[in-house]
There are 2 protein chains.
Amino acid sequence: MTIDVVNLTEKFSLVNELWDPKIIAQLNDYHFKIAKIQGEFIWHSHPETDEVFLVVEGSLIIHLREEDLYLQAGELCVIPRGVEHKPAAEQVCQILMVEPAGTINTGDAGGERTISNTAWI
Amino acid sequence: MTIDVVNLTEKFSLVNELWDPKIIAQLNDYHFKIAKIQGEFIWHSHPETDEVFLVVEGSLIIHLREEDLYLQAGELCVIPRGVEHKPAAEQVCQILMVEPAGTINTGDAGGERTISNTAWI
């Protein structure tokens with residue numbers, strides 16, 4: 001048995017596209033995913049699951065219907081299931097997400113920015 | 001509804017004891033825990049769950065029966081369920097762990113270093 005040590009900086013260096021999450025680890029039936037983001041995503045929610053966002057580098061804004069969350073590197077938040085949110089970043093931001101395997105990036109909203117088969121990196 | 005932004009540095013500043021994990025976030029039925037560690041823990045495994053270790057600051061050694069894993073800040077690994085491991089650190093190391101709520105720090109080994117009721121911080 002070999003257990004990999006996953007280096008976040010190395011993994012982020014392999015991500016070329018914005019808003020294109022990649023899986024870097026699996027914990028039971030949960031995935032750890034990384035993404036580089038800049039600009040605005042779309043409003044969506046995940047009716048079936050909470051979602052963790054951890055900022056590894058840069059600044060993340062998570063718009064909610066009634067407030068905005070501002071996260072810097074080394075900060076995380078849990079978006080509860082069913083809560084509408086719209087991630088955004090003014091500059092390129094590197095984030096780590098934790099959620100059940102199979103969770104779709106656009107949640108219940110769907111649309112052209114949906115990535116159905118998230119790849120490992 | 002208020003969603004907290006959790007700052008890891010701030011949370012670690014509240015941890016006074018070594019090998020005393022504290023919960024900082026909940027994702028569905030999973031807990032995100034932080035701990036400061038130094039020295040050697042005990043051999044144990046978690047027969048029912050995988051466990052993620054992410055190093056936030058310092059250097060972590062995870063002894064396995066057949067190899068040793070060396071993790072620096074910004075690196076993570078997944079210890080599969082049932083795999084015996086013994087975390088260790090030469091200097092004080094700050095780690096983030098992700099595992100199902102109720103997972104006991106000493107797993108199947110028990111003993112005096114067991115912390116049964118992990119507190120939130």
# chains A, B, ... in the order shown; residues from 1 in each chain; ligands from 1
>>> interface_residues(of="chain A", to="chain B", cutoff="10 Å", atoms="only C-alpha atoms", output="number ranges by chain")
A: 1-10, 24-30, 32, 48-54, 56, 64, 66-81, 83, 98-100
>>> write_last_selection(atoms="N, CA and C atoms", output="tab-separated table (two decimals), in the first residue's frame")
chain	number	residue	atom	x	y	z
A	1	MET	N	0.84	-1.20	0.00
A	1	MET	CA	0.00	0.00	0.00
A	1	MET	C	0.87	1.25	0.00
A	2	THR	N	0.55	2.17	-0.86
A	2	THR	CA	1.26	3.44	-0.87
A	2	THR	C	0.27	4.56	-0.54
A	3	ILE	N	0.68	5.40	0.38
A	3	ILE	CA	-0.16	6.56	0.71
A	3	ILE	C	0.53	7.80	0.17
A	4	ASP	N	-0.17	8.53	-0.66
A	4	ASP	CA	0.41	9.72	-1.27
A	4	ASP	C	0.43	10.90	-0.32
A	5	VAL	N	1.50	11.67	-0.39
A	5	VAL	CA	1.52	12.98	0.23
A	5	VAL	C	1.18	13.99	-0.87
A	6	VAL	N	0.12	14.73	-0.64
A	6	VAL	CA	-0.40	15.66	-1.66
A	6	VAL	C	0.06	17.07	-1.32
A	7	ASN	N	0.83	17.65	-2.23
A	7	ASN	CA	1.33	19.02	-2.03
A	7	ASN	C	0.40	19.99	-2.77
A	8	LEU	N	-0.22	20.88	-2.00
A	8	LEU	CA	-1.21	21.78	-2.60
A	8	LEU	C	-0.61	22.68	-3.68
A	9	THR	N	0.55	23.25	-3.40
A	9	THR	CA	1.18	24.14	-4.39
A	9	THR	C	1.44	23.42	-5.70
A	10	GLU	N	1.94	22.19	-5.56
A	10	GLU	CA	2.20	21.39	-6.76
A	10	GLU	C	0.90	21.10	-7.52
A	24	ILE	N	-8.27	16.12	-5.58
A	24	ILE	CA	-6.90	15.80	-5.15
A	24	ILE	C	-6.85	14.73	-4.06
A	25	ALA	N	-7.99	14.44	-3.43
A	25	ALA	CA	-7.97	13.41	-2.38
A	25	ALA	C	-9.39	12.93	-2.13
A	26	GLN	N	-9.49	11.70	-1.63
A	26	GLN	CA	-10.80	11.14	-1.26
A	26	GLN	C	-10.75	10.65	0.18
A	27	LEU	N	-11.75	11.05	0.95
A	27	LEU	CA	-11.90	10.67	2.35
A	27	LEU	C	-13.25	9.96	2.46
A	28	ASN	N	-13.25	8.67	2.63
A	28	ASN	CA	-14.51	7.90	2.57
A	28	ASN	C	-15.23	8.28	1.27
A	29	ASP	N	-16.44	8.78	1.34
A	29	ASP	CA	-17.15	9.16	0.11
A	29	ASP	C	-17.15	10.68	-0.10
A	30	TYR	N	-16.14	11.34	0.43
A	30	TYR	CA	-15.99	12.79	0.24
A	30	TYR	C	-14.78	13.07	-0.65
A	32	PHE	N	-11.88	15.98	-1.78
A	32	PHE	CA	-11.17	17.25	-1.62
A	32	PHE	C	-10.85	17.74	-3.03
A	48	GLU	N	-28.62	18.96	-1.05
A	48	GLU	CA	-28.36	17.71	-0.35
A	48	GLU	C	-27.12	17.73	0.53
A	49	THR	N	-26.35	18.81	0.48
A	49	THR	CA	-25.10	18.77	1.25
A	49	THR	C	-24.57	20.15	1.61
A	50	ASP	N	-23.87	20.20	2.77
A	50	ASP	CA	-23.04	21.35	3.11
A	50	ASP	C	-21.80	21.33	2.20
A	51	GLU	N	-21.07	22.45	2.21
A	51	GLU	CA	-19.89	22.56	1.36
A	51	GLU	C	-18.86	23.43	2.09
A	52	VAL	N	-17.64	22.94	2.16
A	52	VAL	CA	-16.57	23.72	2.80
A	52	VAL	C	-15.71	24.40	1.74
A	53	PHE	N	-15.43	25.68	1.97
A	53	PHE	CA	-14.47	26.44	1.16
A	53	PHE	C	-13.31	26.86	2.07
A	54	LEU	N	-12.09	26.53	1.66
A	54	LEU	CA	-10.89	26.99	2.38
A	54	LEU	C	-10.03	27.73	1.38
A	56	VAL	N	-6.68	28.96	0.01
A	56	VAL	CA	-5.25	28.62	0.12
A	56	VAL	C	-4.40	29.82	-0.25
A	64	LEU	N	-23.95	35.81	-0.55
A	64	LEU	CA	-25.17	35.14	-0.09
A	64	LEU	C	-26.31	36.11	-0.36
A	66	GLU	N	-28.27	37.50	1.66
A	66	GLU	CA	-28.44	38.56	2.65
A	66	GLU	C	-27.15	39.15	3.17
A	67	GLU	N	-26.02	38.59	2.76
A	67	GLU	CA	-24.73	39.15	3.18
A	67	GLU	C	-23.65	38.65	2.22
A	68	ASP	N	-22.46	39.20	2.37
A	68	ASP	CA	-21.31	38.70	1.62
A	68	ASP	C	-20.27	38.23	2.62
A	69	LEU	N	-19.64	37.10	2.31
A	69	LEU	CA	-18.55	36.60	3.15
A	69	LEU	C	-17.23	36.93	2.45
A	70	TYR	N	-16.27	37.37	3.23
A	70	TYR	CA	-14.94	37.69	2.69
A	70	TYR	C	-13.92	36.79	3.36
A	71	LEU	N	-13.26	35.97	2.57
A	71	LEU	CA	-12.29	35.03	3.13
A	71	LEU	C	-10.91	35.28	2.53
A	72	GLN	N	-9.92	35.31	3.40
A	72	GLN	CA	-8.52	35.42	2.99
A	72	GLN	C	-7.85	34.06	3.11
A	73	ALA	N	-6.62	33.98	2.65
A	73	ALA	CA	-5.85	32.74	2.78
A	73	ALA	C	-5.81	32.31	4.24
A	74	GLY	N	-6.05	31.03	4.48
A	74	GLY	CA	-6.05	30.52	5.84
A	74	GLY	C	-7.41	30.64	6.52
A	75	GLU	N	-8.42	30.97	5.75
A	75	GLU	CA	-9.78	31.06	6.31
A	75	GLU	C	-10.71	30.11	5.58
A	76	LEU	N	-11.68	29.58	6.31
A	76	LEU	CA	-12.65	28.66	5.72
A	76	LEU	C	-14.05	29.01	6.19
A	77	CYS	N	-15.02	28.50	5.45
A	77	CYS	CA	-16.42	28.60	5.89
A	77	CYS	C	-17.18	27.38	5.40
A	78	VAL	N	-18.29	27.14	6.02
A	78	VAL	CA	-19.19	26.04	5.64
A	78	VAL	C	-20.48	26.66	5.11
A	79	ILE	N	-20.77	26.42	3.84
A	79	ILE	CA	-22.06	26.86	3.30
A	79	ILE	C	-23.05	25.73	3.54
A	80	PRO	N	-24.06	25.98	4.36
A	80	PRO	CA	-25.01	24.89	4.69
A	80	PRO	C	-25.81	24.46	3.46
A	81	ARG	N	-26.26	23.24	3.51
A	81	ARG	CA	-27.07	22.72	2.41
A	81	ARG	C	-28.26	23.64	2.15
A	83	VAL	N	-28.39	26.57	0.94
A	83	VAL	CA	-28.19	28.02	1.00
A	83	VAL	C	-27.62	28.52	-0.33
A	98	VAL	N	-14.34	20.91	0.11
A	98	VAL	CA	-14.60	19.55	0.60
A	98	VAL	C	-16.10	19.32	0.54
A	99	GLU	N	-16.49	18.23	-0.09
A	99	GLU	CA	-17.91	17.93	-0.28
A	99	GLU	C	-18.05	16.47	-0.70
A	100	PRO	N	-19.27	15.93	-0.63
A	100	PRO	CA	-19.44	14.52	-1.03
A	100	PRO	C	-19.07	14.31	-2.49
>>> select_by_dssp(residues="chain A", states="alpha helix (DSSP H)", output="JSON, numbers by chain")
{"A": [8, 9, 10, 11, 12, 13]}
>>> residues_around(residues="Glu90 in chain B", least_positions_apart="3", cutoff="12 Å", atoms="only C-alpha atoms", output="PDB file with N, CA and C atoms, in the first residue's frame")
ATOM      1  N   LYS B  36      -2.385  21.099  17.958  1.00  0.00           N
ATOM      2  CA  LYS B  36      -0.948  21.337  18.014  1.00  0.00           C
ATOM      3  C   LYS B  36      -0.320  20.059  18.540  1.00  0.00           C
ATOM      4  N   ILE B  37       0.713  19.604  17.891  1.00  0.00           N
ATOM      5  CA  ILE B  37       1.345  18.359  18.318  1.00  0.00           C
ATOM      6  C   ILE B  37       2.858  18.523  18.380  1.00  0.00           C
ATOM      7  N   GLN B  38       3.464  17.762  19.244  1.00  0.00           N
ATOM      8  CA  GLN B  38       4.931  17.664  19.305  1.00  0.00           C
ATOM      9  C   GLN B  38       5.259  16.378  20.048  1.00  0.00           C
ATOM     10  N   GLY B  39       6.286  15.687  19.583  1.00  0.00           N
ATOM     11  CA  GLY B  39       6.627  14.397  20.169  1.00  0.00           C
ATOM     12  C   GLY B  39       5.884  13.293  19.440  1.00  0.00           C
ATOM     13  N   GLU B  40       5.721  12.179  20.121  1.00  0.00           N
ATOM     14  CA  GLU B  40       5.128  11.000  19.477  1.00  0.00           C
ATOM     15  C   GLU B  40       3.743  10.716  20.041  1.00  0.00           C
ATOM     16  N   PHE B  41       2.819  10.368  19.188  1.00  0.00           N
ATOM     17  CA  PHE B  41       1.517   9.915  19.648  1.00  0.00           C
ATOM     18  C   PHE B  41       1.601   8.394  19.843  1.00  0.00           C
ATOM     19  N   GLY B  58       4.569  23.867  10.188  1.00  0.00           N
ATOM     20  CA  GLY B  58       5.513  22.923  10.754  1.00  0.00           C
ATOM     21  C   GLY B  58       5.657  21.669   9.913  1.00  0.00           C
ATOM     22  N   SER B  59       6.191  20.627  10.539  1.00  0.00           N
ATOM     23  CA  SER B  59       6.483  19.367   9.845  1.00  0.00           C
ATOM     24  C   SER B  59       5.887  18.204  10.628  1.00  0.00           C
ATOM     25  N   LEU B  60       5.199  17.347   9.920  1.00  0.00           N
ATOM     26  CA  LEU B  60       4.514  16.204  10.521  1.00  0.00           C
ATOM     27  C   LEU B  60       5.128  14.908   9.992  1.00  0.00           C
ATOM     28  N   ILE B  61       5.340  13.980  10.892  1.00  0.00           N
ATOM     29  CA  ILE B  61       5.733  12.633  10.492  1.00  0.00           C
ATOM     30  C   ILE B  61       4.567  11.710  10.826  1.00  0.00           C
ATOM     31  N   ILE B  62       4.157  10.893   9.882  1.00  0.00           N
ATOM     32  CA  ILE B  62       3.176   9.859  10.199  1.00  0.00           C
ATOM     33  C   ILE B  62       3.867   8.514  10.000  1.00  0.00           C
ATOM     34  N   TYR B  70       6.281  12.006   5.451  1.00  0.00           N
ATOM     35  CA  TYR B  70       6.781  13.307   5.912  1.00  0.00           C
ATOM     36  C   TYR B  70       5.972  14.395   5.228  1.00  0.00           C
ATOM     37  N   PRO B  87       1.178   9.415  14.497  1.00  0.00           N
ATOM     38  CA  PRO B  87       1.635  10.769  14.185  1.00  0.00           C
ATOM     39  C   PRO B  87       2.760  11.194  15.134  1.00  0.00           C
ATOM     40  N   CYS B  93       3.888  21.411  15.722  1.00  0.00           N
ATOM     41  CA  CYS B  93       3.305  21.365  14.388  1.00  0.00           C
ATOM     42  C   CYS B  93       1.803  21.605  14.506  1.00  0.00           C
ATOM     43  N   GLN B  94       1.259  22.371  13.574  1.00  0.00           N
ATOM     44  CA  GLN B  94      -0.173  22.676  13.587  1.00  0.00           C
ATOM     45  C   GLN B  94      -0.845  21.903  12.461  1.00  0.00           C
TER      46      GLN B  94
END
>>> residues_around(residues="Asn117 in chain A", least_positions_apart="3", cutoff="10 Å", atoms="only C-alpha atoms", output="list of chain:residue names")
A:Pro21, A:Lys22, A:Gly102, A:Thr103, A:Ile104, A:Thr114, A:Trp120
>>> write_last_selection(atoms="N, CA, C and O atoms", output="PDB file, in the first residue's frame")
ATOM      1  N   PRO A  21     -12.822  22.714 -11.210  1.00  0.00           N
ATOM      2  CA  PRO A  21     -12.367  21.988 -10.020  1.00  0.00           C
ATOM      3  C   PRO A  21     -11.743  20.641 -10.360  1.00  0.00           C
ATOM      4  O   PRO A  21     -12.189  19.953 -11.284  1.00  0.00           O
ATOM      5  N   LYS A  22     -10.711  20.284  -9.610  1.00  0.00           N
ATOM      6  CA  LYS A  22     -10.032  19.005  -9.772  1.00  0.00           C
ATOM      7  C   LYS A  22      -9.971  18.305  -8.421  1.00  0.00           C
ATOM      8  O   LYS A  22      -9.760  18.953  -7.389  1.00  0.00           O
ATOM      9  N   GLY A 102     -19.319  13.459  -6.159  1.00  0.00           N
ATOM     10  CA  GLY A 102     -20.471  13.586  -7.036  1.00  0.00           C
ATOM     11  C   GLY A 102     -21.187  14.918  -6.931  1.00  0.00           C
ATOM     12  O   GLY A 102     -22.095  15.203  -7.714  1.00  0.00           O
ATOM     13  N   THR A 103     -20.785  15.738  -5.955  1.00  0.00           N
ATOM     14  CA  THR A 103     -21.404  17.064  -5.845  1.00  0.00           C
ATOM     15  C   THR A 103     -21.043  17.882  -7.090  1.00  0.00           C
ATOM     16  O   THR A 103     -19.889  17.967  -7.474  1.00  0.00           O
ATOM     17  N   ILE A 104     -22.034  18.470  -7.704  1.00  0.00           N
ATOM     18  CA  ILE A 104     -21.840  19.212  -8.946  1.00  0.00           C
ATOM     19  C   ILE A 104     -21.546  20.684  -8.640  1.00  0.00           C
ATOM     20  O   ILE A 104     -22.193  21.273  -7.767  1.00  0.00           O
ATOM     21  N   THR A 114     -21.543  24.028 -15.783  1.00  0.00           N
ATOM     22  CA  THR A 114     -21.543  22.752 -15.062  1.00  0.00           C
ATOM     23  C   THR A 114     -20.401  21.853 -15.546  1.00  0.00           C
ATOM     24  O   THR A 114     -20.190  21.706 -16.752  1.00  0.00           O
ATOM     25  N   TRP A 120      -9.574  13.864 -11.531  1.00  0.00           N
ATOM     26  CA  TRP A 120      -8.473  13.876 -10.555  1.00  0.00           C
ATOM     27  C   TRP A 120      -7.284  14.575 -11.187  1.00  0.00           C
ATOM     28  O   TRP A 120      -7.089  14.578 -12.391  1.00  0.00           O
TER      29      TRP A 120
END
>>> atom_distance(atom1="CA of His63 in chain A", atom2="CA of Leu96 in chain A")
17.4 Å
>>> residues_around(residues="Glu112 in chain A", least_positions_apart="3", cutoff="12 Å", atoms="only C-alpha atoms", output="list of chain:residue names")
A:Trp19, A:Phe41, A:Ile42, A:Asn105, A:Thr106, A:Ala109, A:Ile115, A:Ser116
>>> atom_distance(atom1="CA of Gly82 in chain B", atom2="CA of His46 in chain B")
5.2 Å
>>> atom_distance(atom1="CA of Ile121 in chain B", atom2="CA of Lys11 in chain B")
6.9 Å
>>> decode(residues="range 13-45 of chain B", atoms="N, CA and C atoms", output="compact mmCIF listing (two decimals), in the first residue's frame")
# COMPACT_ATOMS: atom_id res chain seq x y z
N SER B 13 -4.39 29.93 17.85
CA SER B 13 -3.92 30.74 18.99
C SER B 13 -4.70 30.42 20.26
N LEU B 14 -5.84 29.78 20.11
CA LEU B 14 -6.67 29.42 21.27
C LEU B 14 -6.35 28.03 21.81
N VAL B 15 -5.48 27.32 21.11
CA VAL B 15 -5.14 25.95 21.53
C VAL B 15 -3.89 26.01 22.41
N ASN B 16 -4.04 25.58 23.66
CA ASN B 16 -2.94 25.68 24.61
C ASN B 16 -2.22 24.37 24.86
N GLU B 17 -2.91 23.27 24.67
CA GLU B 17 -2.36 21.97 25.00
C GLU B 17 -1.95 21.21 23.74
N LEU B 18 -0.91 20.39 23.86
CA LEU B 18 -0.52 19.52 22.76
C LEU B 18 -1.44 18.30 22.72
N TRP B 19 -1.64 17.76 21.52
CA TRP B 19 -2.43 16.53 21.32
C TRP B 19 -3.84 16.64 21.88
N ASP B 20 -4.39 17.83 21.75
CA ASP B 20 -5.73 18.11 22.30
C ASP B 20 -6.60 18.69 21.17
N PRO B 21 -7.15 17.82 20.31
CA PRO B 21 -7.87 18.30 19.14
C PRO B 21 -9.11 19.10 19.51
N LYS B 22 -9.37 20.14 18.72
CA LYS B 22 -10.56 20.98 18.90
C LYS B 22 -11.30 21.07 17.57
N ILE B 23 -12.60 21.07 17.66
CA ILE B 23 -13.44 21.16 16.46
C ILE B 23 -13.60 22.63 16.05
N ILE B 24 -13.40 22.90 14.76
CA ILE B 24 -13.57 24.28 14.28
C ILE B 24 -14.69 24.41 13.24
N ALA B 25 -15.14 23.29 12.68
CA ALA B 25 -16.20 23.39 11.66
C ALA B 25 -16.86 22.03 11.50
N GLN B 26 -18.12 22.06 11.07
CA GLN B 26 -18.85 20.83 10.78
C GLN B 26 -19.40 20.87 9.36
N LEU B 27 -19.16 19.80 8.62
CA LEU B 27 -19.63 19.63 7.25
C LEU B 27 -20.48 18.38 7.24
N ASN B 28 -21.79 18.53 7.13
CA ASN B 28 -22.69 17.38 7.28
C ASN B 28 -22.34 16.67 8.59
N ASP B 29 -21.99 15.40 8.56
CA ASP B 29 -21.64 14.71 9.81
C ASP B 29 -20.12 14.53 9.95
N TYR B 30 -19.38 15.43 9.34
CA TYR B 30 -17.92 15.41 9.47
C TYR B 30 -17.44 16.61 10.28
N HIS B 31 -16.37 16.41 11.01
CA HIS B 31 -15.76 17.50 11.75
C HIS B 31 -14.41 17.88 11.17
N PHE B 32 -14.15 19.17 11.16
CA PHE B 32 -12.82 19.71 10.90
C PHE B 32 -12.23 20.04 12.27
N LYS B 33 -11.08 19.45 12.55
CA LYS B 33 -10.45 19.62 13.86
C LYS B 33 -9.04 20.16 13.68
N ILE B 34 -8.59 20.94 14.64
CA ILE B 34 -7.19 21.37 14.63
C ILE B 34 -6.51 20.86 15.88
N ALA B 35 -5.20 20.71 15.79
CA ALA B 35 -4.41 20.30 16.95
C ALA B 35 -2.99 20.81 16.80
N LYS B 36 -2.39 21.10 17.96
CA LYS B 36 -0.95 21.34 18.01
C LYS B 36 -0.32 20.06 18.54
N ILE B 37 0.71 19.60 17.89
CA ILE B 37 1.34 18.36 18.32
C ILE B 37 2.86 18.52 18.38
N GLN B 38 3.46 17.76 19.24
CA GLN B 38 4.93 17.66 19.30
C GLN B 38 5.26 16.38 20.05
N GLY B 39 6.29 15.69 19.58
CA GLY B 39 6.63 14.40 20.17
C GLY B 39 5.88 13.29 19.44
N GLU B 40 5.72 12.18 20.12
CA GLU B 40 5.13 11.00 19.48
C GLU B 40 3.74 10.72 20.04
N PHE B 41 2.82 10.37 19.19
CA PHE B 41 1.52 9.91 19.65
C PHE B 41 1.60 8.39 19.84
N ILE B 42 0.49 7.70 19.81
CA ILE B 42 0.51 6.24 19.97
C ILE B 42 0.04 5.57 18.68
N TRP B 43 0.45 4.33 18.52
CA TRP B 43 -0.04 3.56 17.38
C TRP B 43 -1.53 3.31 17.55
N HIS B 44 -2.27 3.55 16.46
CA HIS B 44 -3.71 3.26 16.48
C HIS B 44 -4.21 3.23 15.04
N SER B 45 -5.44 2.77 14.88
CA SER B 45 -6.11 2.89 13.59
C SER B 45 -7.58 3.19 13.82
